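A short write-up of the structure that comes next.
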Amino acid sequence: MPDHPTASWQAMQDGNVFYRRQQLYSIAGKFPDFGDHITAGCCYGGPIAMMRDNTKLIALGRSTPAVGRAQIQVWSPAAVGLLVFSWDQGKIVRFGWTGDERLVVLNEEGLYRLYDLQGDYHSSLSLLEVKGWTGARPLTLANAGLTQPPHAWAIIPPDLNISRHVEVLLSADSTICTVDTLECIDQRLSQGPFTHISPSPNGKTLALLTFTGSLLVISIDFQRHITEFDTASIHADGSIQQVEWCGNDAILVTWSSLAVLVGPFADTLEFFYGGAIFAVTEPDGVRVMGPDVCDLIQKVPASVLSIFRPGSTTPASILYDAWQSFTDRSPKADEGIRSIRPELSTAVDQCIDAAGREWEPYWQRSLLNAAKFGRGFLDFYNPTDFVNMGQTLKVLNAVRFYEIGIPLTYDQYQYAFPSSLVERLTSRNMHLLALRISSFLGMKPDHVLKHWASAKILKSKPSATGGEANGDDEVCKMIVDKFNQLGGTDVSYADIAKRAWEVGRAGLATKLLDHEPNASDQVPLLLTMKEDRLALEKAVDSGDTDLVYTVLLHLHQRLALGTFFRLIEDGGSRLASASKLLQVYAREQNREMLRDFYYSDDRRVESAVLALDECAPMLDPTSKIASVKSAQKFFSEDKDRTFEAKMMDEYVRLLTYQQQLEKEADGKISFFGLNITDTLRTCLLNGMSRRADKLKSDFKIPDKRFWYVKLQALVEQRDFEGLDTFAKSKRSPIGYEPFVRRLVENGHAKEAVPYVARCDSPKRADLYAECGEWRMAGKECKERGDKAKLDELRKKCPNSLVQRELDQIASTMK
């Protein structure tokens, strides 16, 4: 049985507060000597990075490796080596960790790089202010006015600051200066200068260590003095190495082999180690790594204290004792349950919470069994917390195992969320465990599968030779089968294909993209890979016109014009819709490109139609005639378009004739661009009868059309004498009914009457009626003996006077 939880407790504040030193891992000298290295630790049970300190001498020997360049080693808290890489980008000034376990290395030129736990760096940028590690705009802080480097400095992150801006605390002379993007404020302290500045995890208090060894704890706004402790009272060798917070209530001060915990009232606890140590502040404690062990020092949680504190009489403690009595078959169990019956629900909750705070599975199980025992005596109790705690402890115990090396506490797990833990496991390439945890907690496995596929691509060989199973086809099949087996339906194959392309596996990337259901994700990567035809085919198959236009415009900008057109032409029926969309776009936006496209595809008719379409709005005679001639040329090159070519010749003759007419009229009359009918009409309206006759003769205008046009022109001119002469010039090919109707439509009914007599006999009565000559219409009916027509006219007559006249005519008819 493991040691009792109280075995590692130490009292503080006269026994009112307890701290415990929990051994996380026994590492037996696996870590390099912390005294000879510069070290940076990642919180939330994260790894540590170490680099040899060049300012310290080391003894050379056979066991000492000769390293020419700076080398950074990354270790898990269980002393398992995760990564070793060399640095050749200038002298390293400092390195540290981001919240998602990426190592930031900063050189003396202000250049930083981000490395993941596989040793791949993601970005580098000249650093002005740490505003964001991925693409944020750097800002310059206010000028602090320092003439020499500060003695110490610390950063207050925006989420812990009232102003929500980054603040830097600088130790200058005997005071502290607070610097942000707007101003630099002197806090006017007099105890400095300070060698260490350490803000608490919650950002409310600040620990300051002076050169004389005095430890001050003040509020973050520098208005309240909380406590003061003289470190000189501690008999330790060497100078102070670190000042770290243990949660938000105590401070850990470390020497080469000694760690002293200073409480709120300046009382202390001492912890001894066998060599140099390194401490990392955690939200609920402090992690200390030494030559032989990795410990977690933290304040004993309230729920654990209430149960295991000697002499405790809390309901949770009584419930735990009752469960132990029950397992020992003692009747005291029933007595204990009866005594806490009103508070039994609270006792069960505290046992569940205490189980999460314990490190050893034995005590976790005992506390959960006690909670389960107490739950049996409750009529109504929601078991959700009990079930969730059981799941959480299974996950925590799995990742705490030394081969995994993530000593996460319950509070840290709750703060960071399970998804963050899964991401940390995948970054270590522990995909199987990450997948099992995701499945156990009901989370989607998409992120794990995506990372696994990327890692598989990196480790596989670029091609399949002989019996090797790591070729493009095998890797693609393996990835697809795994996704289908584990339900990775939401994983984007495009993201994985992009990773394959980035590492030089273009063939594998193409194969993976075939399994991507969303064309909008496929096409951009295919364009990046310069798989132009495939990208266009995928866009066409998707039926998304916007996507097709995106591909077409991208290819038009990148490719030579001939290559671009050839790509579309060679596509045949597969790319027919893309060709049509290109024509629609070019017709509206880029006529020159459409002209080139038709020419390259030998589309003569379309080229001719385009030339005519372009000449329609033209006003310049020379350009218009040239465009029509161009259309005529295109039509003439197609043996099936002889008629169209002849019409283009006629159109050119018409435009030339119109130019001559305008010259004769001294430009006062506009003819250019009119059709043949309007040209004829304009000549007649402007008294150019001879030119109109010549136009009729040259262009073989039919007599009927000529008579209609001249009739309309004479009516509009009110040239009734000319109209009469024109009507009598010869027999009208259109008859005389159009004369009547045209005159009536233009309000000249009286002038239309003489032409009615020349019309066909059956139509005269109606034409007389349209001219308003009802009497003459009645007489026409009488002469023809058409009593039915007369009755029809009687029904339509406009007034009684006309009706009486028609009645008289009707009465004379038999």
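In the structure tokens, chains take letters A, B, ... by order of appearance, with residues numbered from 1 within each chain and ligands from 1 in the order shown.
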
task: Apply DSSP to the structure's backbone, then extract all residues of range 354-428 of chain A labelled alpha helix (DSSP H) and return them as a PyMOL selection string.
output: chain A and resi 354-357+361-375+384-400+410-427

query: What lies within 9 Å of range 671-679 of chain A using only C-alpha atoms, ignoring chain neighbours under 4 positions off, as number ranges by chain?
result: A: 616, 618-619, 621, 624, 651, 654-659, 661-662, 683-684, 692, 695, 699, 701, 705-706, 709

task: Would you kindly return, as an MDAnalysis selection string, each protein, DNA or RNA residue with an atom no farther than 12 Å from any atom of Asp807 in chain A, considering only C-alpha atoms and excluding same-chain residues fewer than 6 positions away?
output: chainID A and resid 774:775 778:779 782 787 790:795 797 800:801 813

task: For Ile437 in chain A, please output as a PyMOL selection string all residues within 9 Å (counting only C-alpha atoms; exclusion window: fewer than 6 positions along the same chain).
output: chain A and resi 395+418+422+443

Let me see the file: selected residues, N, CA and C atoms, as an mmCIF file, in the first residue's frame.
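out18.cif written:
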data_model
loop_
_atom_site.group_PDB
_atom_site.id
_atom_site.type_symbol
_atom_site.label_atom_id
_atom_site.label_comp_id
_atom_site.auth_asym_id
_atom_site.auth_seq_id
_atom_site.Cartn_x
_atom_site.Cartn_y
_atom_site.Cartn_z
ATOM 1 N N VAL A 395 -7.988 9.305 -17.416
ATOM 2 C CA VAL A 395 -7.197 10.081 -18.382
ATOM 3 C C VAL A 395 -5.922 10.600 -17.717
ATOM 4 N N PRO A 418 -9.853 19.101 -22.031
ATOM 5 C CA PRO A 418 -9.336 17.852 -22.602
ATOM 6 C C PRO A 418 -8.785 18.012 -24.021
ATOM 7 N N VAL A 422 -5.239 16.503 -25.633
ATOM 8 C CA VAL A 422 -5.135 15.685 -26.847
ATOM 9 C C VAL A 422 -4.142 16.314 -27.823
ATOM 10 N N MET A 443 -14.924 12.627 -27.831
ATOM 11 C CA MET A 443 -14.477 13.727 -28.681
ATOM 12 C C MET A 443 -14.231 13.223 -30.101
#

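The two atoms in question, CA of Tyr44 in chain A and CA of Trp245 in chain A, are spaced 13.9 Å apart.
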